[in-house]
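Remarks on the structure that follows.
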Amino acid sequence: MRRMWPTTVRARATVGAGLVVAAALALASFALLGLLEANLLRNAENDARRQAETVAQLASTGRLGRARPPGRAVEFVQVVSADGRVLYSSPNLIGVPALPPAPPEAPGTRMHTWRVRPVDGDHRQRVVQVVTQTPDGPATVYAGASLRDADAADDTTTAALVIGMPLLWATVVLVTWRVTGHALRPVEAIRAEVAEISDRDLHRRVPVPATRDEVARLAETMNATLDRLEASGIRQRQFIADASHELRSPITVLRTQLEVALAVRDPELWPELIGGALEDIERLQRLAADLLLLARIDAAQPVPAVPLDLGALVREVLEARLGDRVPVRADLAADVEVTAGALWLGRVVTNLVDNAQRYAVHGVDVTLRTAGGSGAARRTAVLEVVDDGPGIPGADRERVFERFTRLDDSRSRDHGGAGLGLAIARDLSTHHGGTLTAEDCASGARLVLRLPLTPRS
């Protein structure tokens, strides 16, 4: 059964529409014929009843001789006595025996209607029977109306339906096939274009029809998805290229130091050479850890987020720091609760303070406060890290958060930075539903982290 059912949307829509329309046309045809037949029979019966009642009134007063021949709507009239004698007949029934009484299905009533075989001609008759009391005793009046007009109307209507309904059905099926095909043509164009797009052709886009309907919105959504895929691919390739470049430098330096240590036979120089190699190995370890963390962030791995005291977390991170080049001054508000992963949020604070330590001259200020309205759901935690260094130019306040970005490449390398600290901090902030921006400062740089406060019940 499934093999016989059409497999394309166009064919299924056409078959479905055809079946529904065929059923509707069949029901409508039968209903029309039934209503037409019932209406014509009722009209014929009313004509025969009026004629029978008129003749019955004449018979009850003994004036059957004054009865007029029936009109065009009534085929015949006959009056039969209780003993079966024909008391009166219309001209077309002269010499015809008395009609049979009403069928037994409706006994005991004064007026009956039924069908009889054709009395004159080839058309059916609708017979009305009326029982009346005459001076000579009870008599039965029969009046028959021809169903000639009803039969003709039935034949004409049936012929029209037999010819017209299939034509109407075929028209609906054809229109459905054409309209469905026209509506699905853009979908096929989208499918064909997407089928040809590979990982090296992410710059291509699907055609957007000018219909402004669901198909157009589908094409726009598909193009938006391709935009994101292309941007992701470009970012991934750039990331791989930058990572390769960053790894090449310490590996080259490390190899040079090891080759020099191998070539130099003076034991007094070995500690210095080995110490330099260890520094490069440490730098490689930090870079590998940062790259691994970025990969986890890009993979959107879930983080177990729990309510935590942000002030306590910042204080713990600052107290654990050893050997800072300049002092760190903290002004932390109490009872600032956010929902986050302690390990990752601690990494954000560490990266911000590390960045400030690289460029600060006399000190770093860390401030924690809350901002927003009175409702906890609308308030945010604001963590500011300010240094008194050279600052960040306005044009570079977004670029500093890009991966492997250095505003002063040589200075950053001297301090062991790979240009990933702020990028990691921003990605982790976004992962926790917050923001990280570089904002105006009277002197030095000012990095501001904003996180939503945990709603309190």
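Chain labels run A, B, ... following the order of the structure tokens; each chain numbers its residues from 1, and ligands are numbered from 1 in the order shown.
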Taking the backbone alone, and naming residues the way the document does, which bits of region 131-176 of chain A are alpha helix (DSSP H) by DSSP, as an mmCIF file with all heavy atoms, in the first residue's frame?
data_model
loop_
_atom_site.group_PDB
_atom_site.id
_atom_site.type_symbol
_atom_site.label_atom_id
_atom_site.label_comp_id
_atom_site.auth_asym_id
_atom_site.auth_seq_id
_atom_site.Cartn_x
_atom_site.Cartn_y
_atom_site.Cartn_z
ATOM 1 N N ARG A 148 -43.935 13.279 -15.614
ATOM 2 C CA ARG A 148 -43.191 13.517 -16.847
ATOM 3 C C ARG A 148 -42.126 14.590 -16.649
ATOM 4 O O ARG A 148 -40.965 14.428 -17.037
ATOM 5 C CB ARG A 148 -44.177 13.946 -17.943
ATOM 6 C CG ARG A 148 -43.528 14.188 -19.297
ATOM 7 C CD ARG A 148 -44.542 14.721 -20.300
ATOM 8 N NE ARG A 148 -45.651 13.796 -20.482
ATOM 9 C CZ ARG A 148 -46.869 13.969 -19.970
ATOM 10 N NH1 ARG A 148 -47.147 15.038 -19.237
ATOM 11 N NH2 ARG A 148 -47.823 13.093 -20.204
ATOM 12 N N ASP A 149 -42.542 15.709 -16.001
ATOM 13 C CA ASP A 149 -41.569 16.794 -15.775
ATOM 14 C C ASP A 149 -40.466 16.371 -14.808
ATOM 15 O O ASP A 149 -39.296 16.726 -14.986
ATOM 16 C CB ASP A 149 -42.292 18.020 -15.225
ATOM 17 C CG ASP A 149 -43.265 18.620 -16.233
ATOM 18 O OD1 ASP A 149 -43.093 18.344 -17.442
ATOM 19 O OD2 ASP A 149 -44.176 19.346 -15.816
ATOM 20 N N ALA A 150 -40.843 15.588 -13.798
ATOM 21 C CA ALA A 150 -39.836 15.130 -12.846
ATOM 22 C C ALA A 150 -38.829 14.204 -13.516
ATOM 23 O O ALA A 150 -37.613 14.308 -13.300
ATOM 24 C CB ALA A 150 -40.505 14.415 -11.672
ATOM 25 N N ASP A 151 -39.336 13.288 -14.365
ATOM 26 C CA ASP A 151 -38.419 12.384 -15.058
ATOM 27 C C ASP A 151 -37.499 13.145 -16.006
ATOM 28 O O ASP A 151 -36.291 12.852 -16.097
ATOM 29 C CB ASP A 151 -39.222 11.333 -15.817
ATOM 30 C CG ASP A 151 -39.961 10.382 -14.886
ATOM 31 O OD1 ASP A 151 -39.537 10.288 -13.703
ATOM 32 O OD2 ASP A 151 -40.935 9.766 -15.317
ATOM 33 N N ALA A 152 -38.078 14.133 -16.703
ATOM 34 C CA ALA A 152 -37.256 14.913 -17.631
ATOM 35 C C ALA A 152 -36.180 15.703 -16.876
ATOM 36 O O ALA A 152 -35.022 15.771 -17.303
ATOM 37 C CB ALA A 152 -38.143 15.859 -18.446
ATOM 38 N N ALA A 153 -36.596 16.309 -15.762
ATOM 39 C CA ALA A 153 -35.623 17.065 -14.977
ATOM 40 C C ALA A 153 -34.548 16.148 -14.409
ATOM 41 O O ALA A 153 -33.359 16.503 -14.384
ATOM 42 C CB ALA A 153 -36.332 17.809 -13.852
ATOM 43 N N ASP A 154 -34.963 14.970 -13.943
ATOM 44 C CA ASP A 154 -33.974 14.012 -13.426
ATOM 45 C C ASP A 154 -32.994 13.595 -14.510
ATOM 46 O O ASP A 154 -31.772 13.534 -14.278
ATOM 47 C CB ASP A 154 -34.688 12.774 -12.870
ATOM 48 C CG ASP A 154 -35.351 13.051 -11.532
ATOM 49 O OD1 ASP A 154 -35.015 14.089 -10.925
ATOM 50 O OD2 ASP A 154 -36.189 12.254 -11.099
ATOM 51 N N ASP A 155 -33.521 13.317 -15.710
ATOM 52 C CA ASP A 155 -32.629 12.891 -16.796
ATOM 53 C C ASP A 155 -31.663 14.005 -17.183
ATOM 54 O O ASP A 155 -30.461 13.762 -17.392
ATOM 55 C CB ASP A 155 -33.467 12.470 -18.003
ATOM 56 C CG ASP A 155 -34.288 11.217 -17.719
ATOM 57 O OD1 ASP A 155 -33.941 10.497 -16.766
ATOM 58 O OD2 ASP A 155 -35.274 10.988 -18.443
ATOM 59 N N THR A 156 -32.191 15.222 -17.277
ATOM 60 C CA THR A 156 -31.332 16.344 -17.670
ATOM 61 C C THR A 156 -30.258 16.613 -16.620
ATOM 62 O O THR A 156 -29.074 16.813 -16.931
ATOM 63 C CB THR A 156 -32.173 17.605 -17.884
ATOM 64 O OG1 THR A 156 -33.166 17.345 -18.896
ATOM 65 C CG2 THR A 156 -31.295 18.776 -18.324
ATOM 66 N N THR A 157 -30.687 16.626 -15.341
ATOM 67 C CA THR A 157 -29.724 16.890 -14.267
ATOM 68 C C THR A 157 -28.679 15.795 -14.177
ATOM 69 O O THR A 157 -27.480 16.061 -13.989
ATOM 70 C CB THR A 157 -30.457 17.025 -12.924
ATOM 71 O OG1 THR A 157 -31.459 18.042 -13.024
ATOM 72 C CG2 THR A 157 -29.479 17.382 -11.812
ATOM 73 N N THR A 158 -29.125 14.544 -14.337
ATOM 74 C CA THR A 158 -28.175 13.429 -14.279
ATOM 75 C C THR A 158 -27.157 13.516 -15.404
ATOM 76 O O THR A 158 -25.945 13.309 -15.192
ATOM 77 C CB THR A 158 -28.921 12.092 -14.345
ATOM 78 O OG1 THR A 158 -29.841 12.008 -13.245
ATOM 79 C CG2 THR A 158 -27.953 10.924 -14.278
ATOM 80 N N ALA A 159 -27.635 13.846 -16.600
ATOM 81 C CA ALA A 159 -26.710 13.980 -17.725
ATOM 82 C C ALA A 159 -25.722 15.117 -17.495
ATOM 83 O O ALA A 159 -24.522 14.988 -17.781
ATOM 84 C CB ALA A 159 -27.508 14.216 -19.014
ATOM 85 N N ALA A 160 -26.220 16.241 -16.941
ATOM 86 C CA ALA A 160 -25.326 17.373 -16.677
ATOM 87 C C ALA A 160 -24.284 17.018 -15.621
ATOM 88 O O ALA A 160 -23.102 17.385 -15.739
ATOM 89 C CB ALA A 160 -26.150 18.582 -16.230
ATOM 90 N N LEU A 161 -24.717 16.291 -14.583
ATOM 91 C CA LEU A 161 -23.773 15.906 -13.546
ATOM 92 C C LEU A 161 -22.749 14.900 -14.058
ATOM 93 O O LEU A 161 -21.562 14.967 -13.706
ATOM 94 C CB LEU A 161 -24.526 15.317 -12.345
ATOM 95 C CG LEU A 161 -25.397 16.301 -11.557
ATOM 96 C CD1 LEU A 161 -26.157 15.570 -10.458
ATOM 97 C CD2 LEU A 161 -24.543 17.402 -10.950
ATOM 98 N N VAL A 162 -23.188 13.956 -14.873
ATOM 99 C CA VAL A 162 -22.273 12.950 -15.412
ATOM 100 C C VAL A 162 -21.198 13.597 -16.270
ATOM 101 O O VAL A 162 -20.036 13.163 -16.279
ATOM 102 C CB VAL A 162 -23.066 11.895 -16.217
ATOM 103 C CG1 VAL A 162 -22.123 11.003 -17.012
ATOM 104 C CG2 VAL A 162 -23.920 11.058 -15.291
ATOM 105 N N ILE A 163 -21.566 14.646 -16.989
ATOM 106 C CA ILE A 163 -20.586 15.328 -17.850
ATOM 107 C C ILE A 163 -19.821 16.396 -17.074
ATOM 108 O O ILE A 163 -18.597 16.526 -17.192
ATOM 109 C CB ILE A 163 -21.295 15.967 -19.063
ATOM 110 C CG1 ILE A 163 -21.938 14.863 -19.918
ATOM 111 C CG2 ILE A 163 -20.300 16.781 -19.886
ATOM 112 C CD1 ILE A 163 -22.766 15.396 -21.056
ATOM 113 N N GLY A 164 -20.528 17.169 -16.259
ATOM 114 C CA GLY A 164 -19.908 18.323 -15.615
ATOM 115 C C GLY A 164 -19.026 17.981 -14.431
ATOM 116 O O GLY A 164 -17.964 18.595 -14.256
ATOM 117 N N MET A 165 -19.460 17.024 -13.608
ATOM 118 C CA MET A 165 -18.682 16.721 -12.414
ATOM 119 C C MET A 165 -17.294 16.177 -12.736
ATOM 120 O O MET A 165 -16.302 16.609 -12.129
ATOM 121 C CB MET A 165 -19.464 15.742 -11.526
ATOM 122 C CG MET A 165 -20.679 16.361 -10.859
ATOM 123 S SD MET A 165 -20.224 17.791 -9.842
ATOM 124 C CE MET A 165 -21.826 18.294 -9.224
ATOM 125 N N PRO A 166 -17.141 15.230 -13.681
ATOM 126 C CA PRO A 166 -15.776 14.805 -14.020
ATOM 127 C C PRO A 166 -14.916 15.956 -14.559
ATOM 128 O O PRO A 166 -13.715 16.020 -14.272
ATOM 129 C CB PRO A 166 -15.995 13.721 -15.078
ATOM 130 C CG PRO A 166 -17.348 13.182 -14.782
ATOM 131 C CD PRO A 166 -18.145 14.366 -14.330
ATOM 132 N N LEU A 167 -15.544 16.847 -15.362
ATOM 133 C CA LEU A 167 -14.778 17.988 -15.857
ATOM 134 C C LEU A 167 -14.337 18.893 -14.713
ATOM 135 O O LEU A 167 -13.186 19.373 -14.684
ATOM 136 C CB LEU A 167 -15.620 18.778 -16.876
ATOM 137 C CG LEU A 167 -15.897 18.064 -18.201
ATOM 138 C CD1 LEU A 167 -16.791 18.941 -19.081
ATOM 139 C CD2 LEU A 167 -14.595 17.737 -18.923
ATOM 140 N N LEU A 168 -15.246 19.134 -13.768
ATOM 141 C CA LEU A 168 -14.895 19.955 -12.619
ATOM 142 C C LEU A 168 -13.812 19.289 -11.789
ATOM 143 O O LEU A 168 -12.860 19.941 -11.327
ATOM 144 C CB LEU A 168 -16.148 20.210 -11.767
ATOM 145 C CG LEU A 168 -15.938 21.049 -10.491
ATOM 146 C CD1 LEU A 168 -15.377 22.414 -10.837
ATOM 147 C CD2 LEU A 168 -17.258 21.171 -9.726
ATOM 148 N N TRP A 169 -13.938 17.972 -11.591
ATOM 149 C CA TRP A 169 -12.915 17.242 -10.822
ATOM 150 C C TRP A 169 -11.558 17.311 -11.510
ATOM 151 O O TRP A 169 -10.532 17.543 -10.873
ATOM 152 C CB TRP A 169 -13.351 15.785 -10.666
ATOM 153 C CG TRP A 169 -12.346 14.930 -9.963
ATOM 154 C CD1 TRP A 169 -12.158 14.800 -8.634
ATOM 155 C CD2 TRP A 169 -11.360 14.093 -10.598
ATOM 156 N NE1 TRP A 169 -11.122 13.933 -8.367
ATOM 157 C CE2 TRP A 169 -10.606 13.486 -9.560
ATOM 158 C CE3 TRP A 169 -11.045 13.795 -11.916
ATOM 159 C CZ2 TRP A 169 -9.576 12.603 -9.821
ATOM 160 C CZ3 TRP A 169 -10.004 12.917 -12.178
ATOM 161 C CH2 TRP A 169 -9.285 12.339 -11.127
ATOM 162 N N ALA A 170 -11.565 17.101 -12.844
ATOM 163 C CA ALA A 170 -10.304 17.166 -13.577
ATOM 164 C C ALA A 170 -9.691 18.566 -13.502
ATOM 165 O O ALA A 170 -8.468 18.723 -13.388
ATOM 166 C CB ALA A 170 -10.532 16.765 -15.034
ATOM 167 N N THR A 171 -10.538 19.594 -13.537
ATOM 168 C CA THR A 171 -10.040 20.970 -13.439
ATOM 169 C C THR A 171 -9.385 21.210 -12.082
ATOM 170 O O THR A 171 -8.302 21.804 -11.986
ATOM 171 C CB THR A 171 -11.181 21.962 -13.662
ATOM 172 O OG1 THR A 171 -11.762 21.735 -14.954
ATOM 173 C CG2 THR A 171 -10.680 23.401 -13.568
ATOM 174 N N VAL A 172 -10.038 20.750 -11.014
ATOM 175 C CA VAL A 172 -9.474 20.924 -9.670
ATOM 176 C C VAL A 172 -8.143 20.188 -9.546
ATOM 177 O O VAL A 172 -7.161 20.726 -8.997
ATOM 178 C CB VAL A 172 -10.480 20.439 -8.612
ATOM 179 C CG1 VAL A 172 -9.826 20.414 -7.230
ATOM 180 C CG2 VAL A 172 -11.719 21.318 -8.600
ATOM 181 N N VAL A 173 -8.079 18.958 -10.050
ATOM 182 C CA VAL A 173 -6.838 18.187 -9.972
ATOM 183 C C VAL A 173 -5.728 18.877 -10.756
ATOM 184 O O VAL A 173 -4.581 18.998 -10.287
ATOM 185 C CB VAL A 173 -7.067 16.753 -10.484
ATOM 186 C CG1 VAL A 173 -5.738 16.020 -10.643
ATOM 187 C CG2 VAL A 173 -7.974 15.991 -9.526
ATOM 188 N N LEU A 174 -6.051 19.361 -11.967
ATOM 189 C CA LEU A 174 -5.041 20.031 -12.793
ATOM 190 C C LEU A 174 -4.551 21.311 -12.131
ATOM 191 O O LEU A 174 -3.337 21.583 -12.087
ATOM 192 C CB LEU A 174 -5.618 20.324 -14.176
ATOM 193 C CG LEU A 174 -4.675 21.056 -15.151
ATOM 194 C CD1 LEU A 174 -3.430 20.209 -15.403
ATOM 195 C CD2 LEU A 174 -5.403 21.371 -16.457
ATOM 196 N N VAL A 175 -5.498 22.101 -11.608
ATOM 197 C CA VAL A 175 -5.109 23.349 -10.950
ATOM 198 C C VAL A 175 -4.260 23.059 -9.709
ATOM 199 O O VAL A 175 -3.257 23.741 -9.449
ATOM 200 C CB VAL A 175 -6.359 24.170 -10.585
ATOM 201 C CG1 VAL A 175 -5.991 25.352 -9.693
ATOM 202 C CG2 VAL A 175 -7.047 24.675 -11.845
ATOM 203 N N THR A 176 -4.640 22.038 -8.934
ATOM 204 C CA THR A 176 -3.857 21.677 -7.753
ATOM 205 C C THR A 176 -2.446 21.250 -8.138
ATOM 206 O O THR A 176 -1.459 21.641 -7.498
ATOM 207 C CB THR A 176 -4.546 20.536 -6.987
ATOM 208 O OG1 THR A 176 -5.874 20.943 -6.623
ATOM 209 C CG2 THR A 176 -3.768 20.177 -5.728
#
Inset, instruction - Mind checking which residues fall within 6 Å of region 54-62 of chain A, counting only C-alpha atoms, ignoring those fewer than 2 positions away in the same chain, and posting them as number ranges by chain? - result: A: 51-52, 64, 132-134
Inset, instruction - Any chance you could list, as a VMD selection string, the residues in region 51-268 of chain A that come up strand (DSSP E or B) when DSSP is run on the backbone? - result: chain A and resid 76 to 81 86 to 89 111 to 116 125 to 134 137 to 146
Legend entry - Atom pair CA of Glu75 (chain A) / CA of Gly137 (chain A): separation (Å): 26.1 Å
Inset, instruction - For CA of Gly433 (chain A) and CA of Ala288 (chain A), determine how far apart the two atoms are, in Å to one decimal place. - result: 26.0 Å
Inset, instruction - Determine, counting only C-alpha atoms, which protein, DNA and RNA residues have an atom within 10 Å of an atom of Arg200 (chain A); residues of the same chain fewer than 3 positions away are not included. Present the result as an MDAnalysis selection string. - result: chainID A and resid 197 203:204 230 233
Based on the selection just made, write all heavy atoms of those residues as a compact mmCIF listing (two decimals), in the first residue's frame.
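Written file, part.txt:
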# COMPACT_ATOMS: atom_id res chain seq x y z
N ILE A 197 26.36 22.60 -2.18
CA ILE A 197 27.25 23.33 -1.28
C ILE A 197 28.06 22.35 -0.45
O ILE A 197 27.49 21.49 0.24
CB ILE A 197 26.44 24.28 -0.37
CG1 ILE A 197 25.74 25.36 -1.20
CG2 ILE A 197 27.35 24.95 0.65
CD1 ILE A 197 24.87 26.28 -0.38
N HIS A 203 30.39 30.01 0.91
CA HIS A 203 30.07 31.37 0.49
C HIS A 203 28.83 31.43 -0.38
O HIS A 203 28.26 32.50 -0.59
CB HIS A 203 31.25 31.96 -0.29
CG HIS A 203 31.54 31.22 -1.57
ND1 HIS A 203 32.29 30.06 -1.58
CD2 HIS A 203 31.19 31.46 -2.85
CE1 HIS A 203 32.39 29.61 -2.83
NE2 HIS A 203 31.73 30.44 -3.62
N ARG A 204 28.40 30.29 -0.90
CA ARG A 204 27.22 30.27 -1.77
C ARG A 204 25.95 30.41 -0.94
O ARG A 204 25.91 30.03 0.23
CB ARG A 204 27.19 28.97 -2.58
CG ARG A 204 28.39 28.80 -3.49
CD ARG A 204 28.40 27.46 -4.17
NE ARG A 204 27.23 27.25 -5.02
CZ ARG A 204 27.09 26.19 -5.83
NH1 ARG A 204 28.06 25.27 -5.88
NH2 ARG A 204 26.01 26.04 -6.55
N GLU A 230 29.58 29.75 7.55
CA GLU A 230 30.75 30.35 6.91
C GLU A 230 31.60 31.10 7.93
O GLU A 230 32.84 30.99 7.93
CB GLU A 230 30.31 31.29 5.79
CG GLU A 230 31.47 31.91 5.03
CD GLU A 230 31.01 32.88 3.98
OE1 GLU A 230 29.85 33.35 4.07
OE2 GLU A 230 31.80 33.20 3.08
N GLY A 233 33.42 28.62 9.97
CA GLY A 233 34.53 28.04 9.24
C GLY A 233 35.71 28.99 9.14
O GLY A 233 36.87 28.59 9.30
Inset, instruction - One decimal, Å: what's the distance from CA of Ile281 (chain A) over to CA of Thr256 (chain A), could you say? - result: 12.9 Å
Legend entry - Residue neighbourhood Glu384 (chain A), 9 Å, only C-alpha atoms, exclusion window fewer than 2 positions, as a ChimeraX atom specification: /A:365-369,382,386,446-450
Inset, instruction - May I ask which of the residues A:Gly84, A:Gly421, A:Gly311, A:Gly181 is the closest one to Ala289 (chain A), counting only C-alpha atoms? - result: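 Among the listed residues, A:Gly421 lies closest to Ala289 (chain A).
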